[in-house]
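Just coords-v9.cif here, mmCIF, C-alpha atoms and all ligand atoms:
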```cif
data_model
loop_
_atom_site.label_atom_id
_atom_site.label_comp_id
_atom_site.auth_asym_id
_atom_site.auth_seq_id
_atom_site.Cartn_x
_atom_site.Cartn_y
_atom_site.Cartn_z
CA MET P 1 51.26 24.78 -151.82
CA PRO P 2 52.63 28.40 -151.94
CA VAL P 3 56.44 28.67 -151.86
CA SER P 4 57.63 30.18 -148.57
CA THR P 5 60.50 32.67 -148.35
CA GLU P 6 60.23 33.13 -144.58
CA ARG P 7 63.48 32.65 -142.61
CA LYS P 8 63.29 29.58 -140.40
CA LYS P 9 65.46 28.04 -137.71
CA ILE P 10 67.69 25.19 -138.83
CA LEU P 11 69.94 22.91 -136.79
CA VAL P 12 73.03 21.54 -138.55
CA PHE P 13 74.17 18.55 -136.48
CA ARG P 14 77.12 17.42 -138.56
CA GLU P 15 79.81 19.37 -140.38
CA LEU P 16 78.76 20.53 -143.87
CA PRO P 17 81.05 21.81 -146.64
CA PRO P 18 81.29 25.64 -146.50
CA ASP P 19 79.49 26.16 -149.83
CA GLN P 20 76.46 24.16 -148.64
CA LEU P 21 76.42 25.82 -145.25
CA ALA P 22 76.42 29.18 -147.05
CA ARG P 23 73.34 28.12 -149.07
CA LEU P 24 71.50 27.42 -145.84
CA GLN P 25 72.69 30.60 -144.09
CA ALA P 26 71.55 32.74 -147.03
CA ARG P 27 67.96 31.61 -146.55
CA HIS P 28 67.59 30.64 -142.90
CA ASP P 29 68.90 31.11 -139.36
CA VAL P 30 71.38 28.33 -138.76
CA THR P 31 72.63 26.84 -135.49
CA LEU P 32 75.69 24.58 -135.77
CA ALA P 33 75.87 22.04 -132.96
CA ASN P 34 77.34 18.56 -133.07
CA PRO P 35 75.71 16.44 -130.34
CA ARG P 36 78.59 13.92 -130.46
CA LEU P 37 80.88 16.58 -128.95
CA ALA P 38 80.14 16.97 -125.25
CA GLU P 39 80.81 20.74 -125.35
CA GLN P 40 78.23 21.23 -128.14
CA LEU P 41 75.50 18.99 -126.72
CA PRO P 42 73.84 21.73 -124.64
CA ALA P 43 73.57 24.02 -127.70
CA PHE P 44 72.14 21.13 -129.71
CA GLN P 45 69.54 20.39 -127.06
CA ALA P 46 68.62 24.05 -126.62
CA ALA P 47 68.18 24.55 -130.37
CA LEU P 48 65.75 21.64 -130.63
CA ALA P 49 63.05 23.69 -128.90
CA THR P 50 62.60 26.06 -131.86
CA VAL P 51 63.98 24.43 -135.01
CA GLU P 52 61.85 23.64 -138.05
CA GLY P 53 64.56 21.81 -139.98
CA MET P 54 67.56 19.62 -139.15
CA ILE P 55 70.39 18.37 -141.35
CA GLY P 56 73.13 15.88 -140.48
CA SER P 57 73.79 12.18 -140.07
CA SER P 58 75.11 9.37 -137.86
CA TYR P 59 73.17 10.39 -134.76
CA PRO P 60 70.19 8.50 -133.35
CA VAL P 61 66.99 10.49 -133.61
CA ASP P 62 64.45 8.80 -131.36
CA ASP P 63 61.04 9.69 -130.02
CA ALA P 64 62.49 11.35 -126.90
CA LEU P 65 64.58 13.69 -129.06
CA LEU P 66 61.62 14.47 -131.29
CA ALA P 67 59.50 15.28 -128.24
CA ARG P 68 61.93 18.14 -127.53
CA ALA P 69 61.49 19.55 -131.04
CA PRO P 70 57.82 20.55 -131.27
CA GLN P 71 58.29 22.83 -134.32
CA LEU P 72 60.26 20.31 -136.37
CA LYS P 73 58.88 19.77 -139.90
CA VAL P 74 61.77 18.11 -141.74
CA ILE P 75 64.98 16.17 -141.16
CA SER P 76 67.43 15.95 -144.04
CA SER P 77 69.85 13.08 -143.55
CA VAL P 78 73.24 13.19 -145.27
CA SER P 79 73.03 9.45 -145.86
CA VAL P 80 70.95 6.97 -147.84
CA GLY P 81 70.44 4.65 -144.86
CA VAL P 82 67.77 5.85 -142.43
CA ASP P 83 68.21 3.34 -139.60
CA ASN P 84 69.20 6.13 -137.18
CA TYR P 85 65.70 7.61 -137.34
CA ALA P 86 62.63 6.39 -135.44
CA LEU P 87 60.48 6.11 -138.55
CA ASP P 88 57.22 5.37 -136.70
CA ALA P 89 57.71 8.39 -134.42
CA LEU P 90 58.48 10.65 -137.40
CA ALA P 91 55.36 9.46 -139.19
CA ALA P 92 53.22 9.91 -136.07
CA ARG P 93 54.47 13.49 -135.72
CA GLY P 94 54.12 14.24 -139.45
CA ILE P 95 57.84 15.03 -139.81
CA MET P 96 59.36 14.61 -143.28
CA LEU P 97 62.54 12.59 -143.71
CA CYS P 98 64.82 13.18 -146.69
CA HIS P 99 67.97 11.21 -147.61
CA THR P 100 70.62 10.95 -150.33
CA PRO P 101 69.98 7.95 -152.59
CA GLY P 102 71.80 7.55 -155.89
CA VAL P 103 74.68 10.01 -155.48
CA LEU P 104 76.70 7.53 -153.40
CA THR P 105 75.80 4.36 -155.29
CA GLU P 106 78.88 3.95 -157.50
CA THR P 107 81.38 4.96 -154.82
CA THR P 108 79.90 2.55 -152.28
CA ALA P 109 79.91 -0.22 -154.88
CA ASP P 110 83.60 0.55 -155.51
CA THR P 111 84.29 0.14 -151.79
CA ILE P 112 82.41 -3.14 -151.61
CA PHE P 113 84.18 -4.49 -154.66
CA SER P 114 87.53 -3.47 -153.21
CA LEU P 115 86.70 -5.59 -150.14
CA ILE P 116 85.86 -8.51 -152.43
CA MET P 117 89.26 -8.11 -154.12
CA ALA P 118 91.18 -7.50 -150.90
CA THR P 119 89.78 -10.54 -149.10
CA SER P 120 90.02 -12.91 -152.05
CA ARG P 121 93.58 -11.93 -152.96
CA ARG P 122 94.75 -11.28 -149.36
CA ILE P 123 95.86 -7.79 -150.36
CA VAL P 124 96.21 -6.23 -146.91
CA GLU P 125 97.95 -9.25 -145.38
CA LEU P 126 100.43 -9.53 -148.26
CA ALA P 127 101.08 -5.80 -148.42
CA SER P 128 102.01 -6.00 -144.72
CA LEU P 129 104.52 -8.69 -145.56
CA VAL P 130 106.37 -6.26 -147.83
CA ARG P 131 106.00 -3.29 -145.49
CA GLU P 132 107.30 -5.23 -142.50
CA GLY P 133 110.35 -6.63 -144.34
CA ARG P 134 109.06 -10.22 -144.29
CA TRP P 135 109.27 -10.62 -148.11
CA THR P 136 112.50 -12.58 -148.09
CA ARG P 137 111.68 -15.23 -150.70
CA ASN P 138 109.00 -15.98 -153.30
CA ILE P 139 105.70 -16.64 -151.61
CA GLY P 140 104.40 -20.20 -151.56
CA GLU P 141 100.98 -21.79 -151.66
CA ASP P 142 100.33 -20.98 -148.03
CA LEU P 143 99.97 -17.33 -149.10
CA PHE P 144 98.12 -17.79 -152.38
CA GLY P 145 94.73 -16.14 -152.78
CA ARG P 146 91.61 -17.15 -154.68
CA ASP P 147 90.42 -15.87 -158.06
CA VAL P 148 87.59 -13.37 -158.15
CA HIS P 149 86.80 -13.48 -161.88
CA GLY P 150 84.39 -16.21 -162.82
CA LYS P 151 83.33 -16.94 -159.22
CA THR P 152 79.67 -16.89 -158.22
CA LEU P 153 78.70 -13.64 -156.50
CA GLY P 154 75.75 -13.72 -154.09
CA LEU P 155 74.24 -10.36 -153.21
CA LEU P 156 72.03 -9.82 -150.18
CA GLY P 157 70.12 -6.73 -151.27
CA PHE P 158 69.79 -5.81 -154.92
CA GLY P 159 68.78 -2.17 -154.87
CA ARG P 160 70.81 0.74 -156.23
CA ILE P 161 74.11 -0.31 -154.63
CA GLY P 162 73.56 -4.07 -154.93
CA GLN P 163 72.96 -3.69 -158.66
CA ALA P 164 76.05 -1.50 -159.04
CA VAL P 165 78.14 -4.23 -157.35
CA ALA P 166 76.47 -6.79 -159.64
CA ARG P 167 77.53 -4.74 -162.67
CA ARG P 168 81.14 -4.73 -161.55
CA GLY P 169 81.03 -8.49 -160.96
CA ALA P 170 79.00 -9.60 -163.97
CA LEU P 171 80.25 -7.17 -166.63
CA GLY P 172 83.81 -6.63 -165.40
CA PHE P 173 84.75 -9.97 -163.86
CA GLY P 174 82.50 -12.49 -165.64
CA MET P 175 80.83 -13.49 -162.38
CA PRO P 176 77.43 -15.18 -162.39
CA VAL P 177 75.29 -13.19 -159.92
CA LEU P 178 72.61 -14.50 -157.56
CA TYR P 179 70.64 -12.01 -155.51
CA HIS P 180 68.28 -12.07 -152.55
CA SER P 181 65.59 -9.45 -152.03
CA ARG P 182 61.91 -9.64 -151.12
CA ARG P 183 60.80 -8.88 -154.67
CA PRO P 184 62.52 -9.88 -157.92
CA VAL P 185 63.76 -7.02 -160.08
CA ASP P 186 62.47 -6.88 -163.66
CA LEU P 187 65.90 -6.67 -165.20
CA ALA P 188 64.69 -6.31 -168.79
CA SER P 189 63.07 -2.95 -167.95
CA GLN P 190 65.05 -1.75 -164.91
CA ALA P 191 68.62 -2.97 -165.51
CA PRO P 192 68.83 -4.36 -169.04
CA ASP P 193 72.64 -4.65 -168.87
CA LEU P 194 72.18 -7.28 -166.14
CA ALA P 195 69.42 -9.21 -167.92
CA GLY P 196 70.38 -12.89 -168.07
CA LYS P 197 73.35 -12.21 -165.76
CA ALA P 198 71.67 -12.04 -162.33
CA ALA P 199 69.08 -14.40 -160.86
CA HIS P 200 66.64 -13.81 -157.99
CA THR P 201 67.44 -16.69 -155.63
CA PRO P 202 66.04 -17.83 -152.27
CA LEU P 203 68.40 -16.92 -149.42
CA ASP P 204 69.36 -20.46 -148.44
CA GLU P 205 70.11 -21.49 -152.01
CA LEU P 206 72.17 -18.33 -152.58
CA LEU P 207 74.25 -19.03 -149.47
CA GLN P 208 74.85 -22.63 -150.60
CA ARG P 209 75.91 -21.67 -154.13
CA ALA P 210 77.86 -18.41 -153.86
CA ASP P 211 81.66 -18.28 -153.57
CA ILE P 212 81.46 -14.68 -152.38
CA VAL P 213 78.46 -13.32 -150.47
CA ALA P 214 78.19 -9.54 -150.23
CA ALA P 215 75.53 -7.90 -148.06
CA VAL P 216 74.18 -4.48 -149.12
CA LEU P 217 71.04 -4.42 -147.04
CA PRO P 218 69.37 -1.57 -145.19
CA LEU P 219 68.94 -2.17 -141.46
CA SER P 220 65.30 -2.79 -140.55
CA ARG P 221 63.31 -4.97 -138.17
CA GLU P 222 63.39 -7.67 -140.85
CA THR P 223 67.08 -7.52 -141.72
CA ARG P 224 68.51 -7.14 -138.19
CA GLY P 225 70.58 -10.25 -137.46
CA LEU P 226 69.68 -11.77 -140.84
CA MET P 227 73.10 -13.43 -141.13
CA GLY P 228 73.41 -15.72 -138.11
CA GLU P 229 74.78 -19.14 -137.21
CA ARG P 230 72.38 -21.04 -139.47
CA GLU P 231 73.06 -18.78 -142.46
CA PHE P 232 76.86 -18.83 -142.12
CA GLY P 233 76.59 -22.61 -141.71
CA LEU P 234 74.96 -22.85 -145.14
CA MET P 235 77.83 -21.08 -146.90
CA LYS P 236 80.28 -23.08 -149.00
CA PRO P 237 83.53 -24.14 -147.31
CA GLY P 238 86.13 -21.56 -148.35
CA ALA P 239 83.55 -18.89 -149.17
CA ILE P 240 84.07 -15.19 -148.46
CA PHE P 241 81.65 -12.80 -146.74
CA VAL P 242 81.58 -9.04 -147.28
CA ASN P 243 79.34 -6.51 -145.56
CA GLY P 244 78.86 -3.02 -147.04
CA GLY P 245 75.30 -2.40 -145.83
CA ARG P 246 74.77 -2.14 -142.08
CA GLY P 247 76.67 -3.96 -139.34
CA ALA P 248 73.65 -5.08 -137.32
CA THR P 249 72.31 -7.18 -140.22
CA VAL P 250 75.04 -9.64 -139.13
CA ARG P 251 75.32 -11.41 -135.79
CA GLU P 252 78.99 -10.78 -135.21
CA GLY P 253 79.39 -13.72 -132.80
CA ALA P 254 78.13 -16.08 -135.49
CA LEU P 255 80.49 -14.50 -138.03
CA LEU P 256 83.43 -15.01 -135.67
CA ASP P 257 82.47 -18.65 -135.13
CA ALA P 258 82.26 -19.18 -138.89
CA LEU P 259 85.75 -17.66 -139.29
CA ASN P 260 87.28 -19.50 -136.32
CA THR P 261 85.77 -22.96 -136.55
CA GLY P 262 83.52 -22.96 -139.61
CA GLY P 263 84.55 -22.94 -143.23
CA LEU P 264 84.55 -19.20 -143.92
CA ARG P 265 87.81 -18.18 -145.63
CA ALA P 266 87.68 -14.46 -144.92
CA ALA P 267 85.43 -11.50 -144.21
CA GLY P 268 85.61 -7.93 -145.53
CA LEU P 269 83.69 -5.50 -143.37
CA ASP P 270 82.98 -1.80 -143.82
CA VAL P 271 80.23 -1.70 -141.20
CA PHE P 272 79.83 -3.03 -137.66
CA ALA P 273 77.13 -3.45 -135.05
CA THR P 274 78.90 -0.80 -132.94
CA GLU P 275 80.83 2.00 -134.63
CA PRO P 276 83.56 3.02 -134.22
CA LEU P 277 84.56 -0.62 -133.72
CA PRO P 278 85.37 -1.08 -130.01
CA MET P 279 89.06 -1.65 -129.28
CA ASN P 280 88.27 -5.01 -127.69
CA SER P 281 86.26 -6.33 -130.64
CA PRO P 282 87.71 -9.69 -131.74
CA LEU P 283 87.03 -8.60 -135.34
CA ARG P 284 89.60 -5.79 -135.14
CA LEU P 285 92.79 -7.88 -135.23
CA HIS P 286 91.34 -11.10 -136.63
CA PRO P 287 93.74 -12.48 -139.26
CA LYS P 288 90.89 -13.39 -141.61
CA VAL P 289 89.15 -10.00 -141.39
CA THR P 290 89.76 -6.93 -143.52
CA ALA P 291 88.03 -4.14 -141.61
CA LEU P 292 87.38 -0.61 -142.85
CA PRO P 293 86.10 2.36 -140.82
CA HIS P 294 82.72 2.74 -142.60
CA ILE P 295 84.12 4.42 -145.72
CA GLY P 296 81.56 3.23 -148.28
CA SER P 297 80.83 6.74 -149.59
CA ALA P 298 83.92 8.51 -148.24
CA THR P 299 85.42 10.24 -151.27
CA PHE P 300 85.67 14.00 -151.77
CA GLU P 301 83.38 13.90 -154.79
CA THR P 302 80.68 11.74 -153.27
CA ARG P 303 80.57 13.30 -149.81
CA HIS P 304 80.19 16.69 -151.48
CA ALA P 305 77.42 15.41 -153.76
CA MET P 306 75.63 14.01 -150.70
CA ALA P 307 75.87 17.36 -148.92
CA VAL P 308 74.50 19.18 -151.99
CA LEU P 309 71.52 16.82 -152.27
CA ALA P 310 70.79 16.94 -148.53
CA THR P 311 70.97 20.75 -148.52
CA THR P 312 68.70 20.95 -151.56
CA ASN P 313 66.21 18.59 -149.91
CA LEU P 314 66.08 20.73 -146.79
CA LEU P 315 65.70 24.03 -148.65
CA GLN P 316 62.94 22.58 -150.80
CA ALA P 317 61.04 21.18 -147.82
CA LEU P 318 61.26 24.44 -145.87
CA ALA P 319 60.04 26.36 -148.92
CA GLY P 320 56.98 24.13 -149.07
CA GLU P 321 58.16 22.26 -152.17
CA ARG P 322 58.42 18.51 -152.52
CA PRO P 323 62.05 17.54 -151.77
CA THR P 324 64.04 15.81 -154.51
CA ALA P 325 64.76 12.80 -152.31
CA LEU P 326 62.01 12.29 -149.78
CA PHE P 327 62.46 8.93 -148.04
CA GLU P 328 59.85 6.54 -149.42
CA GLY P 329 57.03 6.23 -146.91
CA SER P 330 57.95 9.50 -145.18
CA ALA P 331 55.32 12.11 -144.31
CA SER P 332 54.98 14.66 -147.14
P1 LIG Y 401 67.98 0.37 -151.89
O1 LIG Y 401 68.10 0.78 -153.32
O2 LIG Y 401 66.78 0.75 -151.12
O3 LIG Y 401 68.18 -1.23 -151.86
C1 LIG Y 401 67.87 -2.02 -150.76
C2 LIG Y 401 67.81 -3.47 -151.19
O4 LIG Y 401 67.61 -4.29 -150.03
C3 LIG Y 401 66.67 -3.77 -152.15
O5 LIG Y 401 67.09 -4.75 -153.07
C4 LIG Y 401 65.61 -4.36 -151.23
O6 LIG Y 401 64.74 -5.19 -152.00
C5 LIG Y 401 66.49 -5.14 -150.27
N1 LIG Y 401 65.80 -5.42 -149.01
C6 LIG Y 401 65.25 -4.54 -148.15
N2 LIG Y 401 64.70 -5.19 -147.11
C7 LIG Y 401 64.93 -6.50 -147.31
C8 LIG Y 401 64.60 -7.69 -146.59
N3 LIG Y 401 63.90 -7.64 -145.46
N4 LIG Y 401 65.02 -8.88 -147.07
C9 LIG Y 401 65.69 -8.93 -148.24
N5 LIG Y 401 66.02 -7.86 -148.98
C10 LIG Y 401 65.64 -6.66 -148.53
O7 LIG Y 401 69.20 0.92 -151.05
P2 LIG Y 401 70.71 1.22 -151.51
O8 LIG Y 401 70.84 2.61 -151.97
O9 LIG Y 401 71.18 0.11 -152.40
O10 LIG Y 401 71.45 1.13 -150.07
C11 LIG Y 401 71.39 -0.07 -149.32
C12 LIG Y 401 71.93 0.16 -147.93
O11 LIG Y 401 73.35 0.25 -147.99
C13 LIG Y 401 71.52 1.47 -147.24
O12 LIG Y 401 70.23 1.35 -146.65
C14 LIG Y 401 72.60 1.69 -146.23
O13 LIG Y 401 72.24 1.11 -144.99
C15 LIG Y 401 73.79 0.93 -146.81
N6 LIG Y 401 74.88 1.86 -147.22
C16 LIG Y 401 76.11 1.69 -146.65
C17 LIG Y 401 77.13 2.56 -147.02
C18 LIG Y 401 78.50 2.43 -146.43
O14 LIG Y 401 79.15 3.43 -146.19
N7 LIG Y 401 78.99 1.21 -146.19
C19 LIG Y 401 76.91 3.59 -147.94
C20 LIG Y 401 75.64 3.71 -148.50
C21 LIG Y 401 74.63 2.83 -148.12
P3 LIG Y 401 63.22 -5.51 -151.57
O15 LIG Y 401 62.63 -4.21 -151.09
O16 LIG Y 401 62.61 -6.09 -152.80
O17 LIG Y 401 63.34 -6.52 -150.47
#
```
How would this structure read if it were set down as structure tokens?
Ligand code: NAP
Amino acid sequence: MPVSTERKKILVFRELPPDQLARLQARHDVTLANPRLAEQLPAFQAALATVEGMIGSSYPVDDALLARAPQLKVISSVSVGVDNYALDALAARGIMLCHTPGVLTETTADTIFSLIMATSRRIVELASLVREGRWTRNIGEDLFGRDVHGKTLGLLGFGRIGQAVARRGALGFGMPVLYHSRRPVDLASQAPDLAGKAAHTPLDELLQRADIVAAVLPLSRETRGLMGEREFGLMKPGAIFVNGGRGATVREGALLDALNTGGLRAAGLDVFATEPLPMNSPLRLHPKVTALPHIGSATFETRHAMAVLATTNLLQALAGERPTALFEGSAS
């Protein structure tokens, strides 16, 4: 395919770092419009009529939106997860979807492991004790935590991020790792450092054996609501649940029941079914919940690397080249 140098119309629907915005503006005609801000929504909607490329994240792109963008050839998402995009509608319209795998893997695994540590050792709760002047004598057993090292770690999802969490657990904390995914990973060839340290395990068995279950699943038709009443009921008494994938893979009512009346010791959550977490969500102030505002990849270094990759993807696609990170299964 010949490389195109023609200037095209691009819609940037989330803030980009100035250096990446400048790369786009040097080659194309850019409209900046954030549809989450009421005052910018009309500009966003007007731009759809003529744009060939879009770049952004955290906004639902459904068939109705795509119907208003007849020239659209490519969407570059500044995220690895693609659950905001109507994949069938994109495929039907021949629109490419690019994303940012890899560059956020280690940072997101750090976040997930910090939730494992925080919940097991009651870090937030005990730090509040100091902050609020309630540390008036040595703490007793009622405030002790649980060890992380040596405990069995169960991972729901064992892709890039799941394996990075497994490395932290198995190599850093001596944790036996069980993982659930549709296909086993050939560790000897794909992750030799985890060979003999992580075992592909049926979901029910994993839930029964793990001391700490961490979910790192994409949201799809198959994974929506995967963790429900039955699944939480299978977990060991005193086990801990962490979610660093997508909120809607968990039925939050079932999670609350497991925390309130079941045997779940604690939950560490970076993601929720509705984000930002509604003020009236019972998860927000729950004493057994450590909740974060979806910060898996939120470091300066990683957010910049994501913006660079997403910008590169978009420029490549608009030039008629194959993007570095085309979403698997996307139109090309
Ligand atoms: P990935 O490499 O594609 O890994 C996905 C894993 O999930 C694979 O092991 C896959 O294995 C498994 N999986 C997919 N569908 C499944 C199903 N129906 N049942 C069981 N296992 C299934 O993706 P990644 O880069 O690790 O990212 C994973 C997800 O993390 C993203 O999609 C995103 O939603 C989320 N994420 C969250 C944050 C955050 O800020 N908290 C940051 C980055 C990413 P099989 O295909 O063999 O089943």
Residues near Leu87 (chain P), anyone? I mean within 12 Å using all atoms listed in the file, not counting same-chain ones fewer than 2 positions away, as a ChimeraX atom specification. /P:60-63,66,75,81-85,89-98,220-221,327-331
Give the answer as one residue: which of P:Ala43, P:Ile161, P:Leu207, P:Leu255 has the shortest atom-to-atom distance to ligand LIG 401 (chain Y), using only C-alpha atoms and all ligand atoms?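 For ligand LIG 401 (chain Y), the nearest of the candidates is P:Ile161.
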Take every atom of region 101-107 of chain P listed in the file, pad by 6 Å on each side, and give me the axis-aligned box centre and edge lengths in Å, one decimal, as JSON.
```
{"center_x": 75.7, "center_y": 7.0, "center_z": -155.0, "size_x": 23.4, "size_y": 18.1, "size_z": 16.9}
```
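Taking all atoms listed in the file, the non-local environment of Arg230 (chain P) within 12 Å (same-chain residues fewer than 3 positions away omitted) comprises P:Leu203, P:Asp204, P:Leu207, P:Gln208, P:Gly225, P:Leu226, P:Met227, P:Gly233, P:Leu234, P:Met235, P:Val250, P:Arg251, P:Ala254, P:Leu255, P:Asp257, P:Ala258, P:Gly262.
In this comparison, which uses all atoms listed in the file, the residue of P:Leu178, P:Ala188, P:Leu219, P:Ala319 approaching ligand LIG 401 (chain Y) most closely is P:Leu219.
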Compile a residue-level contact table for chain P against ligand LIG 401 (chain Y) at a cut-off of 6 Å, reporting for every qualifying residue the shortest atom pair and its distance in Å to one decimal, with only C-alpha atoms and all ligand atoms counted, rows ordered by chain and ascending number, as CSV.
```
residue,atom,partner,partner_atom,distance
P:Val80,CA,Y:LIG401,C21,5.5
P:Gly81,CA,Y:LIG401,O12,3.8
P:Pro101,CA,Y:LIG401,O8,5.4
P:Thr108,CA,Y:LIG401,C19,5.4
P:Gly157,CA,Y:LIG401,O4,3.7
P:Phe158,CA,Y:LIG401,O5,3.4
P:Gly159,CA,Y:LIG401,O3,3.2
P:Arg160,CA,Y:LIG401,O9,3.9
P:Ile161,CA,Y:LIG401,O9,3.7
P:Gly162,CA,Y:LIG401,O9,5.4
P:His180,CA,Y:LIG401,C9,5.9
P:Ser181,CA,Y:LIG401,N5,3.5
P:Arg182,CA,Y:LIG401,O17,3.5
P:Arg183,CA,Y:LIG401,O16,3.8
P:Val216,CA,Y:LIG401,O11,4.9
P:Leu217,CA,Y:LIG401,O4,4.6
P:Pro218,CA,Y:LIG401,O12,3.4
P:Leu219,CA,Y:LIG401,O13,5.8
P:Glu222,CA,Y:LIG401,N3,4.6
P:Thr223,CA,Y:LIG401,N3,4.9
P:Gly244,CA,Y:LIG401,N7,4.3
P:Gly245,CA,Y:LIG401,C15,3.8
P:Arg246,CA,Y:LIG401,O13,5.0
P:Asp270,CA,Y:LIG401,N7,5.5
P:Val271,CA,Y:LIG401,N7,5.9
P:His294,CA,Y:LIG401,O14,5.1
P:Ile295,CA,Y:LIG401,O14,5.1
P:Gly296,CA,Y:LIG401,O14,3.2
P:Ser297,CA,Y:LIG401,O14,5.0
```
Return the single residue from P:Leu72, P:Ala109, P:Ala199, P:Ile212 that is closest to Val165 (chain P), with distances computed using all atoms listed in the file.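 With all atoms listed in the file as the atom set, the closest residue is P:Ala109.
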The residues within 12 Å of (64.5, 16.0, -123.7), using all atoms listed in the file and the coordinates of the file, should be reported as a VMD selection string; which are they? chain P and resid 41 to 42 44 to 49 61 to 70
Looking at all atoms listed in the file, which of P:Leu277, P:Ile55, P:Ala191, P:Ala267 is the one that sits closest to Leu314 (chain P)?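 Using all atoms listed in the file, the shortest distance to Leu314 (chain P) belongs to P:Ile55.
Using only C-alpha atoms for every distance, the candidate list P:Ser114, P:Ser58, P:Thr50, P:Ser79 yields P:Ser58 as the residue closest to Glu275 (chain P).
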Name the residues in contact with Arg23 (chain P) at a cut-off of 10 Å, using all atoms listed in the file, excluding same-chain residues fewer than 6 positions from it; report them as a list in words. Val308, Thr311, Thr312 and Leu315 of chain P
From the options P:Glu205, P:Glu132, P:Asp110, P:Asp147, which residue's atoms come nearest to Arg167 (chain P), counting all atoms listed in the file? P:Asp110
Mind pulling up the distance from CA of Gly196 (chain P) to CA of Ile112 (chain P)?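 Answer for the CA of Ile112 (chain P) to CA of Gly196 (chain P) separation: 22.6 Å.
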Determine, counting only C-alpha atoms, which protein, DNA and RNA residues have an atom within 7 Å of an atom of Val213 (chain P); residues of the same chain fewer than 4 positions away are not included. Present the result as a ChimeraX atom specification. /P:153-155,240-242
Would you work out the distance separating CA of Pro276 (chain P) from CA of Pro293 (chain P), expressed in Å to one decimal? 7.1 Å
Excluding Gly253 (chain P) and any residue of its chain fewer than 5 positions from it, enumerate the residues within 10 Å of it, using all atoms listed in the file, and give them as an mmCIF file with C-alpha atoms, in the frame of the given file.
```cif
data_model
loop_
_atom_site.group_PDB
_atom_site.id
_atom_site.type_symbol
_atom_site.label_atom_id
_atom_site.label_comp_id
_atom_site.auth_asym_id
_atom_site.auth_seq_id
_atom_site.Cartn_x
_atom_site.Cartn_y
_atom_site.Cartn_z
ATOM 1 C CA GLY P 228 73.410 -15.720 -138.110
ATOM 2 C CA GLU P 229 74.780 -19.140 -137.210
ATOM 3 C CA ALA P 258 82.260 -19.180 -138.890
ATOM 4 C CA LEU P 259 85.750 -17.660 -139.290
ATOM 5 C CA PRO P 282 87.710 -9.690 -131.740
ATOM 6 C CA LEU P 283 87.030 -8.600 -135.340
#
```
Please identify all polymer residues lying at most 12 Å from the point (84.6, -15.0, -167.6) (file coordinates), using only C-alpha atoms, and present the result as a list in words.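 With a cut-off of 12 Å, the residues come to Asp147, Val148, His149, Gly150, Lys151, Thr152, Gly169, Ala170, Leu171, Gly172, Phe173, Gly174, Met175, Pro176 and Lys197 of chain P.
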Between CA of Arg27 (chain P) and CA of Arg7 (chain P), measure the distance and give it in Å to one decimal.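 Computing the Euclidean distance for CA of Arg27 (chain P) and CA of Arg7 (chain P) yields 6.1 Å.
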